[in-house]
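With mmCIF, C-alpha atoms (C1' of nucleotides) inside, this is upload_26.cif:
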data_work
#
loop_
_atom_site.label_atom_id
_atom_site.label_comp_id
_atom_site.auth_asym_id
_atom_site.auth_seq_id
_atom_site.Cartn_x
_atom_site.Cartn_y
_atom_site.Cartn_z
CA MET A 284 -175.87 161.16 8.91
CA ARG A 285 -177.08 161.67 5.39
CA ALA A 286 -177.37 158.66 3.13
CA ASP A 287 -174.74 159.87 0.66
CA ALA A 288 -172.33 160.59 3.50
CA ARG A 289 -172.83 157.11 4.89
CA ARG A 290 -172.24 155.64 1.46
CA ASN A 291 -169.03 157.58 0.95
CA ARG A 292 -167.78 156.78 4.40
CA ASP A 293 -168.20 153.06 3.88
CA LEU A 294 -166.65 153.29 0.45
CA ILE A 295 -163.60 155.08 1.85
CA VAL A 296 -163.11 152.54 4.62
CA GLU A 297 -163.41 149.67 2.17
CA THR A 298 -160.96 151.28 -0.24
CA ALA A 299 -158.55 152.13 2.57
CA ARG A 300 -158.55 148.54 3.75
CA GLU A 301 -157.53 147.50 0.26
CA VAL A 302 -154.90 150.18 -0.16
CA PHE A 303 -153.43 149.57 3.29
CA ARG A 304 -153.16 145.90 2.52
CA GLU A 305 -151.26 146.74 -0.64
CA HIS A 306 -148.99 149.51 0.58
CA GLY A 307 -149.02 149.32 4.35
CA TYR A 308 -150.46 151.78 6.83
CA ASN A 309 -148.40 154.64 5.45
CA ALA A 310 -149.98 154.56 2.02
CA SER A 311 -150.96 157.88 0.49
CA LEU A 312 -154.40 159.00 1.63
CA ASP A 313 -154.88 160.92 -1.58
CA LEU A 314 -154.54 157.61 -3.34
CA VAL A 315 -157.28 156.20 -1.13
CA ALA A 316 -159.52 159.16 -1.97
CA LYS A 317 -158.76 158.95 -5.67
CA ARG A 318 -159.34 155.22 -5.85
CA ALA A 319 -162.57 155.59 -3.91
CA GLY A 320 -163.59 158.27 -6.40
CA VAL A 321 -164.09 160.99 -3.80
CA GLY A 322 -162.32 164.27 -3.18
CA ALA A 323 -159.59 164.63 -0.62
CA GLY A 324 -161.84 166.95 1.34
CA THR A 325 -164.45 164.25 1.72
CA LEU A 326 -161.90 161.80 3.04
CA TYR A 327 -160.49 164.26 5.55
CA ARG A 328 -163.92 165.39 6.70
CA HIS A 329 -164.85 161.84 7.56
CA PHE A 330 -161.42 160.99 8.95
CA PRO A 331 -159.53 164.05 10.15
CA SER A 332 -156.35 162.08 10.69
CA ARG A 333 -154.77 158.98 9.26
CA GLU A 334 -155.24 157.28 12.60
CA ASP A 335 -158.99 157.83 12.48
CA LEU A 336 -159.14 156.04 9.18
CA VAL A 337 -156.91 153.24 10.42
CA ASN A 338 -159.19 152.99 13.39
CA ALA A 339 -162.25 152.53 11.19
CA VAL A 340 -160.49 150.00 9.03
CA MET A 341 -159.53 148.07 12.14
CA GLN A 342 -163.06 147.43 13.30
CA GLY A 343 -163.10 144.05 11.58
CA TRP A 344 -159.77 143.27 13.15
CA VAL A 345 -161.18 143.89 16.61
CA ASP A 346 -163.83 141.27 15.98
CA ARG A 347 -161.09 138.91 14.93
CA VAL A 348 -159.12 139.61 18.08
CA GLU A 349 -162.12 138.85 20.22
CA GLU A 350 -162.76 135.62 18.41
CA ALA A 351 -159.12 134.50 18.69
CA THR A 352 -159.06 135.39 22.38
CA GLU A 353 -162.07 133.25 23.13
CA LYS A 354 -160.51 130.37 21.29
CA VAL A 355 -157.23 130.55 23.20
CA LEU A 356 -158.93 131.02 26.56
CA ALA A 357 -161.09 128.01 25.87
CA PHE A 358 -157.96 125.88 25.78
CA GLU A 359 -157.96 123.39 28.65
CA GLY A 360 -154.43 121.96 28.47
CA PRO A 361 -151.31 122.81 30.47
CA PRO A 362 -150.88 126.53 31.23
CA ARG A 363 -147.45 126.65 29.69
CA GLU A 364 -148.96 125.65 26.39
CA LEU A 365 -151.69 128.22 26.86
CA LEU A 366 -149.00 130.86 27.16
CA GLU A 367 -147.26 129.66 24.02
CA ARG A 368 -150.50 129.64 22.10
CA TRP A 369 -151.30 133.14 23.20
CA LEU A 370 -147.89 134.48 22.27
CA VAL A 371 -148.19 133.08 18.77
CA THR A 372 -151.80 134.19 18.42
CA TYR A 373 -150.93 137.66 19.62
CA ALA A 374 -148.03 137.97 17.22
CA GLU A 375 -150.17 136.81 14.34
CA LEU A 376 -152.99 139.18 15.18
CA ILE A 377 -150.78 142.23 15.18
CA SER A 378 -148.94 141.10 12.05
CA LEU A 379 -151.94 140.82 9.76
CA HIS A 380 -150.82 143.93 7.92
CA LYS A 381 -147.43 145.28 7.04
CA GLY A 382 -146.48 147.92 9.60
CA GLY A 383 -149.09 146.60 12.01
CA PRO A 384 -146.78 145.41 14.78
CA ALA A 385 -145.02 148.74 15.18
CA LYS A 386 -148.24 150.70 14.95
CA ILE A 387 -150.18 148.61 17.38
CA THR A 388 -147.39 148.15 19.87
CA ALA A 389 -146.75 151.87 19.91
CA ALA A 390 -150.43 152.69 20.31
CA MET A 391 -150.58 150.32 23.26
CA VAL A 392 -148.54 152.76 25.33
CA GLN A 393 -149.95 155.97 23.91
CA PRO A 394 -153.43 156.30 25.37
CA ASP A 395 -154.19 159.38 23.28
CA SER A 396 -153.75 157.55 20.00
CA PRO A 397 -157.05 157.14 18.13
CA ILE A 398 -156.40 153.45 17.67
CA ALA A 399 -155.66 152.95 21.37
CA PRO A 400 -159.24 151.90 22.19
CA LYS A 401 -159.01 149.17 19.58
CA CYS A 402 -155.69 148.01 20.93
CA ARG A 403 -157.17 147.87 24.39
CA VAL A 404 -159.09 144.75 23.47
CA LEU A 405 -155.76 143.09 22.87
CA LEU A 406 -154.35 144.30 26.13
CA GLU A 407 -157.41 143.06 27.94
CA ALA A 408 -157.10 139.70 26.24
CA THR A 409 -153.51 139.40 27.39
CA GLU A 410 -154.62 140.40 30.85
CA ARG A 411 -157.09 137.55 30.92
CA VAL A 412 -154.40 135.11 29.83
CA CYS A 413 -151.95 136.45 32.41
CA GLU A 414 -154.53 136.26 35.16
CA ARG A 415 -155.11 132.62 34.48
CA LEU A 416 -151.40 131.91 34.36
CA HIS A 417 -150.79 133.82 37.57
CA ALA A 418 -153.62 131.91 39.24
CA GLU A 419 -151.91 128.68 38.30
CA GLY A 420 -148.59 130.02 39.52
CA VAL A 421 -146.99 129.57 36.14
CA LEU A 422 -146.14 133.15 35.34
CA ARG A 423 -143.15 134.80 36.92
CA GLU A 424 -144.16 137.30 39.58
CA GLY A 425 -144.32 140.95 38.69
CA ILE A 426 -144.92 140.30 35.01
CA THR A 427 -147.80 142.36 33.69
CA ALA A 428 -149.85 142.00 30.55
CA ALA A 429 -148.21 145.18 29.29
CA ASP A 430 -144.79 143.55 29.66
CA VAL A 431 -145.90 140.54 27.68
CA ASN A 432 -147.32 142.74 24.96
CA ARG A 433 -144.13 144.73 24.74
CA LEU A 434 -141.99 141.64 24.42
CA VAL A 435 -144.10 139.96 21.77
CA GLY A 436 -144.68 143.28 20.06
CA GLY A 437 -140.95 143.76 19.82
CA VAL A 438 -140.34 140.40 18.23
CA ALA A 439 -143.23 140.88 15.82
CA THR A 440 -142.07 144.38 14.90
CA VAL A 441 -138.67 143.11 13.97
CA ALA A 442 -140.05 140.17 12.02
CA ASP A 443 -142.33 142.55 10.17
CA GLY A 444 -139.48 144.88 9.32
CA ALA A 445 -137.57 141.93 7.90
CA ASP A 446 -140.60 140.70 5.96
CA GLN A 447 -140.55 137.43 7.83
CA PRO A 448 -143.76 135.59 8.66
CA ILE A 449 -144.44 134.94 12.33
CA SER A 450 -143.91 131.24 11.79
CA GLU A 451 -140.24 131.98 11.23
CA VAL A 452 -139.77 133.71 14.56
CA GLU A 453 -141.81 131.25 16.59
CA PRO A 454 -138.67 129.89 18.23
CA LEU A 455 -138.05 133.36 19.60
CA LEU A 456 -141.52 133.40 21.06
CA LEU A 457 -140.74 130.16 22.85
CA VAL A 458 -137.65 131.81 24.28
CA LEU A 459 -139.91 134.54 25.59
CA ALA A 460 -142.22 131.96 27.07
CA ASP A 461 -139.30 130.43 28.93
CA GLY A 462 -138.29 133.81 30.28
CA LEU A 463 -141.82 134.62 31.36
CA VAL A 464 -142.16 131.31 33.15
CA ALA A 465 -138.76 130.91 34.81
CA ALA A 466 -138.31 131.88 38.43
CA PRO A 467 -136.19 135.00 39.05
CA ALA A 468 -132.49 134.24 39.49
CA MET B 133 -111.42 165.16 -2.99
CA ARG B 134 -111.11 168.89 -3.13
CA ALA B 135 -110.57 170.79 0.09
CA ASP B 136 -113.87 172.69 -0.08
CA ALA B 137 -115.74 169.45 -0.74
CA ARG B 138 -114.11 167.84 2.26
CA ARG B 139 -115.00 170.83 4.39
CA ASN B 140 -118.62 170.79 3.31
CA ARG B 141 -118.90 167.07 3.78
CA ASP B 142 -117.66 167.26 7.35
CA LEU B 143 -119.88 170.23 8.05
CA ILE B 144 -122.93 168.36 6.78
CA VAL B 145 -122.17 165.30 8.88
CA GLU B 146 -121.66 167.42 11.97
CA THR B 147 -124.88 169.32 11.37
CA ALA B 148 -126.80 166.13 10.64
CA ARG B 149 -125.62 164.61 13.90
CA GLU B 150 -127.03 167.61 15.70
CA VAL B 151 -130.30 167.67 13.78
CA PHE B 152 -130.81 163.93 14.14
CA ARG B 153 -130.30 164.20 17.85
CA GLU B 154 -132.95 166.90 17.99
CA HIS B 155 -135.55 165.47 15.64
CA GLY B 156 -134.69 161.82 15.19
CA TYR B 157 -133.46 160.05 12.09
CA ASN B 158 -136.43 161.18 10.02
CA ALA B 159 -135.64 164.87 10.31
CA SER B 160 -135.89 166.95 7.15
CA LEU B 161 -132.69 166.78 5.12
CA ASP B 162 -133.37 170.20 3.67
CA LEU B 163 -133.22 171.45 7.22
CA VAL B 164 -129.82 169.84 7.62
CA ALA B 165 -128.64 171.50 4.42
CA LYS B 166 -130.05 174.86 5.38
CA ARG B 167 -128.58 174.78 8.86
CA ALA B 168 -125.23 173.71 7.45
CA GLY B 169 -125.47 176.64 5.06
CA VAL B 170 -125.16 174.55 1.91
CA GLY B 171 -127.55 173.89 -0.95
CA ALA B 172 -129.71 170.82 -1.06
CA GLY B 173 -127.77 169.71 -4.13
CA THR B 174 -124.54 169.68 -2.19
CA LEU B 175 -126.03 167.52 0.50
CA TYR B 176 -127.51 165.04 -1.94
CA ARG B 177 -124.32 164.87 -4.00
CA HIS B 178 -122.35 163.84 -0.95
CA PHE B 179 -125.08 161.61 0.44
CA PRO B 180 -127.42 160.35 -2.27
CA SER B 181 -129.79 158.83 0.26
CA ARG B 182 -130.75 159.49 3.84
CA GLU B 183 -129.16 156.21 4.78
CA ASP B 184 -125.80 157.30 3.41
CA LEU B 185 -125.88 160.32 5.64
CA VAL B 186 -126.99 158.29 8.64
CA ASN B 187 -124.15 155.96 7.88
CA ALA B 188 -121.60 158.77 7.98
CA VAL B 189 -123.07 160.14 11.17
CA MET B 190 -122.81 156.71 12.71
CA GLN B 191 -119.06 156.41 12.35
CA GLY B 192 -118.53 157.74 15.86
CA TRP B 193 -121.13 155.32 17.09
CA VAL B 194 -119.19 152.40 15.65
CA ASP B 195 -116.19 153.39 17.71
CA ARG B 196 -118.42 153.50 20.74
CA VAL B 197 -119.79 150.03 20.00
CA GLU B 198 -116.30 148.63 19.75
CA GLU B 199 -115.29 150.21 23.00
CA ALA B 200 -118.37 148.94 24.82
CA THR B 201 -117.87 145.46 23.41
CA GLU B 202 -114.33 145.26 24.71
CA LYS B 203 -115.49 146.36 28.11
CA VAL B 204 -118.24 143.73 28.34
CA LEU B 205 -116.03 140.96 27.01
CA ALA B 206 -113.38 141.84 29.55
CA PHE B 207 -115.84 140.95 32.30
CA GLU B 208 -114.61 137.94 34.25
CA GLY B 209 -117.61 137.11 36.43
CA PRO B 210 -120.37 134.54 35.97
CA PRO B 211 -121.52 134.05 32.38
CA ARG B 212 -125.13 134.70 33.23
CA GLU B 213 -124.16 138.17 34.38
CA LEU B 214 -122.10 138.63 31.24
CA LEU B 215 -125.24 137.95 29.23
CA GLU B 216 -127.26 140.43 31.23
CA ARG B 217 -124.62 143.07 30.87
CA TRP B 218 -124.49 142.55 27.15
CA LEU B 219 -128.24 142.75 26.74
CA VAL B 220 -128.36 146.06 28.55
CA THR B 221 -125.30 147.39 26.75
CA TYR B 222 -126.72 146.37 23.41
CA ALA B 223 -130.05 148.00 24.12
CA GLU B 224 -128.35 151.19 25.21
CA LEU B 225 -126.09 151.32 22.19
CA ILE B 226 -128.93 151.07 19.72
CA SER B 227 -131.07 153.52 21.68
CA LEU B 228 -128.66 156.44 21.67
CA HIS B 229 -130.87 158.23 19.18
CA LYS B 230 -134.62 158.38 18.76
CA GLY B 231 -135.60 155.98 16.01
CA GLY B 232 -132.30 154.15 16.34
CA PRO B 233 -133.58 150.79 17.58
CA ALA B 234 -135.98 150.31 14.68
CA LYS B 235 -133.47 151.51 12.13
CA ILE B 236 -130.59 149.43 13.35
CA THR B 237 -132.59 146.31 14.02
CA ALA B 238 -134.10 146.48 10.56
CA ALA B 239 -130.74 147.07 8.92
CA MET B 240 -129.38 144.04 10.72
CA VAL B 241 -131.45 141.78 8.50
CA GLN B 242 -131.21 143.81 5.30
CA PRO B 243 -127.68 143.29 4.01
CA ASP B 244 -128.18 145.80 1.21
CA SER B 245 -128.88 148.67 3.58
CA PRO B 246 -126.12 151.30 3.52
CA ILE B 247 -125.85 151.16 7.29
CA ALA B 248 -125.63 147.38 7.34
CA PRO B 249 -121.80 147.36 7.48
CA LYS B 250 -121.93 149.53 10.57
CA CYS B 251 -124.49 147.28 12.19
CA ARG B 252 -122.29 144.31 11.47
CA VAL B 253 -119.91 145.36 14.21
CA LEU B 254 -122.79 144.96 16.64
CA LEU B 255 -123.70 141.57 15.26
CA GLU B 256 -120.11 140.45 15.52
CA ALA B 257 -119.94 141.69 19.08
CA THR B 258 -123.03 139.68 19.97
CA GLU B 259 -121.47 136.70 18.24
CA ARG B 260 -118.42 136.95 20.44
CA VAL B 261 -120.59 137.10 23.54
CA CYS B 262 -122.69 134.15 22.39
CA GLU B 263 -119.61 132.11 21.59
CA ARG B 264 -118.30 132.55 25.08
CA LEU B 265 -121.67 131.70 26.58
CA HIS B 266 -122.03 128.63 24.39
CA ALA B 267 -118.53 127.54 25.36
CA GLU B 268 -119.56 127.71 28.98
CA GLY B 269 -122.76 125.85 28.22
CA VAL B 270 -124.88 128.68 29.53
CA LEU B 271 -126.75 129.60 26.39
CA ARG B 272 -129.62 127.50 25.19
CA GLU B 273 -128.72 125.41 22.17
CA GLY B 274 -129.65 126.68 18.74
CA ILE B 275 -129.72 130.31 19.80
CA THR B 276 -127.79 132.49 17.40
CA ALA B 277 -126.44 135.98 17.78
CA ALA B 278 -129.05 137.12 15.26
CA ASP B 279 -131.80 135.76 17.52
CA VAL B 280 -130.43 137.65 20.49
CA ASN B 281 -130.24 140.83 18.47
CA ARG B 282 -133.79 140.45 17.28
CA LEU B 283 -135.11 139.95 20.78
CA VAL B 284 -133.27 142.85 22.34
CA GLY B 285 -133.91 144.96 19.27
CA GLY B 286 -137.60 144.33 19.65
CA VAL B 287 -137.68 145.40 23.27
CA ALA B 288 -135.60 148.47 22.55
CA THR B 289 -137.75 149.42 19.57
CA VAL B 290 -140.85 149.35 21.66
CA ALA B 291 -139.25 151.28 24.49
CA ASP B 292 -138.08 153.86 21.99
CA GLY B 293 -141.53 154.19 20.49
CA ALA B 294 -142.91 154.82 23.95
CA ASP B 295 -140.16 157.32 24.78
CA GLN B 296 -139.00 155.17 27.65
CA PRO B 297 -135.34 154.99 28.63
CA ILE B 298 -133.74 151.56 28.52
CA SER B 299 -133.46 151.58 32.30
CA GLU B 300 -137.23 151.28 32.47
CA VAL B 301 -137.38 148.14 30.39
CA GLU B 302 -134.41 146.43 32.00
CA PRO B 303 -136.70 143.95 33.74
CA LEU B 304 -137.84 142.81 30.33
CA LEU B 305 -134.26 142.26 29.32
CA LEU B 306 -133.81 140.02 32.35
CA VAL B 307 -136.83 138.06 31.18
CA LEU B 308 -135.07 137.62 27.88
CA ALA B 309 -131.94 136.49 29.66
CA ASP B 310 -133.92 133.84 31.46
CA GLY B 311 -135.41 132.64 28.22
CA LEU B 312 -132.04 132.53 26.51
CA VAL B 313 -130.52 130.55 29.34
CA ALA B 314 -133.28 128.09 30.18
CA ALA B 315 -133.16 124.57 28.82
CA PRO B 316 -135.81 123.71 26.24
CA ALA B 317 -138.97 122.33 27.77
"C1'" DT C 65 -102.31 184.07 -14.49
"C1'" DG C 66 -105.16 181.14 -16.99
"C1'" DC C 67 -107.58 177.07 -17.46
"C1'" DT C 68 -110.31 172.99 -16.50
"C1'" DA C 69 -112.27 169.65 -13.66
"C1'" DA C 70 -114.70 169.59 -9.58
"C1'" DA C 71 -117.98 171.35 -6.63
"C1'" DC C 72 -121.64 174.50 -5.48
"C1'" DG C 73 -126.49 175.94 -4.70
"C1'" DG C 74 -131.05 176.78 -5.30
"C1'" DA C 75 -134.96 176.76 -8.43
"C1'" DG C 76 -138.23 173.65 -9.37
"C1'" DA C 77 -140.48 169.00 -10.43
"C1'" DC C 78 -142.78 165.72 -7.91
"C1'" DA C 79 -145.22 163.65 -3.94
"C1'" DC C 80 -147.96 163.85 0.13
"C1'" DT C 81 -150.94 166.05 3.74
"C1'" DC C 82 -154.55 168.80 4.88
"C1'" DT C 83 -157.84 173.07 4.38
"C1'" DC C 84 -161.00 176.18 2.40
"C1'" DC C 85 -164.95 177.42 0.21
"C1'" DG C 86 -167.99 177.61 -3.91
"C1'" DT C 87 -171.11 174.10 -5.63
"C1'" DA C 88 -174.25 170.25 -5.37
"C1'" DT C 89 -177.28 167.04 -3.01
"C1'" DT C 90 -180.46 165.54 0.46
"C1'" DG C 91 -184.54 165.31 2.87
"C1'" DT C 92 -187.89 168.02 5.27
"C1'" DT C 93 -191.76 171.16 5.33
"C1'" DC C 94 -195.81 172.96 3.50
"C1'" DG D 115 -193.72 168.58 -5.79
"C1'" DA D 116 -191.49 172.95 -4.85
"C1'" DA D 117 -188.81 175.50 -2.00
"C1'" DC D 118 -185.33 175.82 1.25
"C1'" DA D 119 -182.00 174.96 4.84
"C1'" DA D 120 -178.73 171.88 6.32
"C1'" DT D 121 -175.49 168.84 5.04
"C1'" DA D 122 -172.01 167.00 2.17
"C1'" DC D 123 -169.07 167.18 -1.86
"C1'" DG D 124 -164.66 167.91 -4.38
"C1'" DG D 125 -160.69 169.79 -6.01
"C1'" DA D 126 -157.64 173.75 -6.17
"C1'" DG D 127 -153.96 175.13 -3.62
"C1'" DA D 128 -150.95 176.11 0.53
"C1'" DG D 129 -147.52 174.00 3.23
"C1'" DT D 130 -143.80 170.73 3.70
"C1'" DG D 131 -140.45 167.39 2.31
"C1'" DT D 132 -137.48 164.78 -1.20
"C1'" DC D 133 -134.40 164.85 -4.79
"C1'" DT D 134 -132.50 166.54 -9.55
"C1'" DC D 135 -130.76 169.46 -12.97
"C1'" DC D 136 -127.84 172.73 -14.68
"C1'" DG D 137 -125.87 177.46 -14.91
"C1'" DT D 138 -122.35 179.51 -11.94
"C1'" DT D 139 -118.35 179.49 -9.01
"C1'" DT D 140 -114.04 177.87 -7.16
"C1'" DA D 141 -109.87 175.13 -6.26
"C1'" DG D 142 -105.70 173.79 -7.62
"C1'" DC D 143 -102.45 172.79 -11.21
"C1'" DA D 144 -99.34 174.28 -14.96
#
Represent the structure of the file as structure tokens.
Amino acid sequence: MRADARRNRDLIVETAREVFREHGYNASLDLVAKRAGVGAGTLYRHFPSREDLVNAVMQGWVDRVEEATEKVLAFEGPPRELLERWLVTYAELISLHKGGPAKITAAMVQPDSPIAPKCRVLLEATERVCERLHAEGVLREGITAADVNRLVGGVATVADGADQPISEVEPLLLVLADGLVAAPA
Amino acid sequence: MRADARRNRDLIVETAREVFREHGYNASLDLVAKRAGVGAGTLYRHFPSREDLVNAVMQGWVDRVEEATEKVLAFEGPPRELLERWLVTYAELISLHKGGPAKITAAMVQPDSPIAPKCRVLLEATERVCERLHAEGVLREGITAADVNRLVGGVATVADGADQPISEVEPLLLVLADGLVAAPA
DNA sequence: TGCTAAACGGAGACACTCTCCGTATTGTTC
DNA sequence: GAACAATACGGAGAGTGTCTCCGTTTAGCA
């Protein structure tokens, strides 16, 4: 890749991160290009679709996910608390940006989405948590990591749509935890 | 209202119902106008915003909600089953159209949305169910109808985004039921 | 029948996405 | 350091959607 191309690419990603933070993931891409001082063509050559750009912007987020996962998995206390911590962590991670919960939760079940690979790290993290909970017999049988993600994703999506911080819907996450732990009727 | 205006209004609503069913609630409104054989101006005069049109289209849905509510509330069996029935009914009602779950769940917490009044009937229905469950001591303390709606709305939103029918996420609704019923840890 | 308020409709302004292609820059080769 | 591909740039513009404005038409009353 030529040096100027590299420079522009980085500039676009940086600008997009800023614009997305301001206007959400549906912000105008022309605005991104304009603010970055490049032509629309340049933006679209580097990132043929909006998702590709989102994907690039997310790279830092992936690192953050990995870090948060390690932290939660390092927790030594009672498994029930581990679950609660993970639910809150998960919700926070996907809610870092406006529109994030819906986008990420949807991508989780659409393997062809360009951001799917990034979301996989989250799914894998949940899998690790679930494994540990299953091993300790705490998690209800038949519950998969995908189920957990869907449930938390749903709550986070709604909170996001209502412009509520995750802290305000934490009680709902505890309800989920109860449901995930309880034995089938 | 003049007779021709009335006629056009009804025609637009009918056409919109059809188009929304085909393409979801984000379908092009110009397409609605074109298919109804009226000018864009006519459509926008009757329905200044997309939400106004959605609102009009929803009138039949409101009737359906009321009917379903009566049916669930007439159920005489164990309260836990009442809850389960309501969760499934609720999810189905908001999932009748693609994009419905997100739209309705969001409107539920945005009182200024034009479709909010319509969504209120759903909230009130959930309130009636919750009241009965609380009276029987089945529902966990502190849980409000709004909480229940958020939880089910979240699950339904995700299912909708993944093009899954509600029947496929029913197990998740049972998880919710468990969480809503269980005593706090 | 004539008149006026009400309603119509579609051209077009504006916004956004995405492509095409003439122009400019890079970096390699001699 | 000059020449020359190969690579990248950028912005005009096509395509699509939203929504408004205003000249034209129509309903319904007197």
| message | Evaluated on this file, the PyMOL selection byres ((chain C and resi 87) around 12) picks out some residues - which ones are they, written as a count of residues only? | response | 8
| request: Using all C-alpha atoms matched in sequence order, least-squares fit chain B onto chain A and give the RMSD rounded to one decimal in Å. | output: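 Computed value for the CA RMSD is 0.1 Å.
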| task | Fewer than 5 positions away in the same chain doesn't count, so skip those; otherwise give me all residues within 12 Å of DA69 (chain C), counting only C-alpha atoms (C1' of nucleotides), as a list of chain:residue names. | result |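 Here the qualifying residues turn out to be B:Met133, B:Arg134, D:DT140, D:DA141, D:DG142, D:DC143.
Those residues that approach region 71-77 of chain C to within 8 Å, counting all atoms listed in the file, are Asp136, Ala137, Val170, Gly171, Ala172, Gly173 and Thr174 of chain B; DT139 and DT140 of chain D; same-chain residues fewer than 2 positions away are not listed.
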| Near region 213-226 of chain B, counting only C-alpha atoms (C1' of nucleotides), which residues have an atom at most 6 Å away, once you skip same-chain residues fewer than 5 positions from it, shown as number ranges by chain? | B: 232-233, 288
Do you have, as a tab-separated table, the list of residues of chain A lying at most 12 Å from chain B, each with its nearest atom pair and that distance in Å to one decimal, counting only C-alpha atoms and ordered by chain then number?
residue	atom	partner	partner_atom	distance
A:Arg363	CA	B:Ala317	CA	9.7
A:Glu364	CA	B:Ala317	CA	10.6
A:Glu367	CA	B:Ala317	CA	11.7
A:Gly382	CA	B:Ala234	CA	11.9
A:Pro384	CA	B:Val290	CA	9.9
A:Ala385	CA	B:Val290	CA	7.7
A:Lys386	CA	B:Gly293	CA	9.4
A:Ile387	CA	B:Val290	CA	10.3
A:Thr388	CA	B:Val290	CA	6.9
A:Ala389	CA	B:Gly293	CA	5.7
A:Ala390	CA	B:Ala294	CA	8.6
A:Met391	CA	B:Ala294	CA	8.9
A:Val392	CA	B:Ala294	CA	6.2
A:Gln393	CA	B:Ala294	CA	7.1
A:Pro394	CA	B:Ala294	CA	10.7
A:Ser396	CA	B:Ala294	CA	11.9
A:Leu422	CA	B:Val307	CA	11.3
A:Arg423	CA	B:Val307	CA	9.1
A:Glu424	CA	B:Val307	CA	11.2
A:Gly425	CA	B:Pro303	CA	9.6
A:Ile426	CA	B:Leu304	CA	8.9
A:Thr427	CA	B:Leu304	CA	10.5
A:Ala429	CA	B:Leu304	CA	10.7
A:Asp430	CA	B:Leu304	CA	7.0
A:Val431	CA	B:Leu304	CA	8.8
A:Asn432	CA	B:Val290	CA	9.8
A:Arg433	CA	B:Val290	CA	6.4
A:Leu434	CA	B:Val287	CA	5.8
A:Val435	CA	B:Gly286	CA	8.1
A:Gly436	CA	B:Gly286	CA	7.2
A:Gly437	CA	B:Gly286	CA	3.4
A:Val438	CA	B:Gly286	CA	5.0
A:Ala439	CA	B:Gly286	CA	7.6
A:Thr440	CA	B:Gly286	CA	6.5
A:Val441	CA	B:Gly286	CA	5.9
A:Ala442	CA	B:Arg282	CA	8.2
A:Asp443	CA	B:Ala238	CA	9.1
A:Gly444	CA	B:Ala238	CA	5.7
A:Ala445	CA	B:Val241	CA	6.2
A:Asp446	CA	B:Val241	CA	9.6
A:Gln447	CA	B:Val241	CA	10.1
A:Glu451	CA	B:Asp279	CA	11.2
A:Val452	CA	B:Asp279	CA	8.7
A:Glu453	CA	B:Asp279	CA	11.0
A:Pro454	CA	B:Asp279	CA	9.1
A:Leu455	CA	B:Asp279	CA	7.0
A:Leu456	CA	B:Leu283	CA	9.2
A:Leu457	CA	B:Gly311	CA	8.0
A:Val458	CA	B:Gly311	CA	4.6
A:Leu459	CA	B:Gly311	CA	5.5
A:Ala460	CA	B:Gly311	CA	6.9
A:Asp461	CA	B:Gly311	CA	4.5
A:Gly462	CA	B:Gly311	CA	3.7
A:Leu463	CA	B:Val307	CA	6.1
A:Val464	CA	B:Gly311	CA	8.5
A:Ala465	CA	B:Asp310	CA	6.6
A:Ala466	CA	B:Asp310	CA	8.5
A:Pro467	CA	B:Asp310	CA	8.0
A:Ala468	CA	B:Asp310	CA	8.2
| request: Tell me which of A:Val296, A:Ile449, A:Leu326, A:Val412 sits closest to chain D, counting all atoms listed in the file. | output: A:Leu326
| Which value, in Å to one decimal, gives the distance between CA of Pro180 (chain B) and CA of Asp195 (chain B)? |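 Separation of CA of Pro180 (chain B) and CA of Asp195 (chain B): 24.0 Å.
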| If you apply the PyMOL selection byres ((chain C) within 10 of (chain A)) to this file, what residues do you get, as a list of chain:residue names? |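 This file gives the following for the PyMOL selection byres ((chain C) within 10 of (chain A)): C:DA79, C:DC80, C:DT81, C:DC82, C:DT83, C:DC84, C:DT89, C:DT90, C:DG91.
CA of Ala257 (chain B) is positioned 29.1 Å from CA of Thr147 (chain B).
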| said: Under the PyMOL selection byres ((chain D) within 12 of (chain B)), which residues of this model are included? Write them out as JSON, numbers by chain. | reply: {"D": [130, 131, 132, 133, 134, 135, 136, 140, 141, 142]}
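CA of Glu198 (chain B) sits 11.2 Å away from CA of Leu255 (chain B).
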| message | Please list, as JSON, numbers by chain, the residues that have an atom at most 10 Å away from (-118.4, 151.9, 11.4) in the coordinates of this file, counting only C-alpha atoms (C1' of nucleotides). | response | {"B": [187, 188, 189, 190, 191, 192, 193, 194, 195, 196, 197, 198, 247, 248, 249, 250, 251, 252, 253, 254]}
| said: List the spatial neighbours of Glu146 (chain B) as number ranges by chain - criterion: any atom at most 12 Å away, only C-alpha atoms (C1' of nucleotides), same-chain residues fewer than 4 positions off excluded. | reply: B: 139-142, 150-153, 164-165, 167-168, 185-186, 188-192
Export of prior selection with C-alpha atoms as a CSV table (one decimal), in the coordinates of the input:
chain,number,residue,atom,x,y,z
B,139,ARG,CA,-115.0,170.8,4.4
B,140,ASN,CA,-118.6,170.8,3.3
B,141,ARG,CA,-118.9,167.1,3.8
B,142,ASP,CA,-117.7,167.3,7.4
B,150,GLU,CA,-127.0,167.6,15.7
B,151,VAL,CA,-130.3,167.7,13.8
B,152,PHE,CA,-130.8,163.9,14.1
B,153,ARG,CA,-130.3,164.2,17.8
B,164,VAL,CA,-129.8,169.8,7.6
B,165,ALA,CA,-128.6,171.5,4.4
B,167,ARG,CA,-128.6,174.8,8.9
B,168,ALA,CA,-125.2,173.7,7.4
B,185,LEU,CA,-125.9,160.3,5.6
B,186,VAL,CA,-127.0,158.3,8.6
B,188,ALA,CA,-121.6,158.8,8.0
B,189,VAL,CA,-123.1,160.1,11.2
B,190,MET,CA,-122.8,156.7,12.7
B,191,GLN,CA,-119.1,156.4,12.4
B,192,GLY,CA,-118.5,157.7,15.9
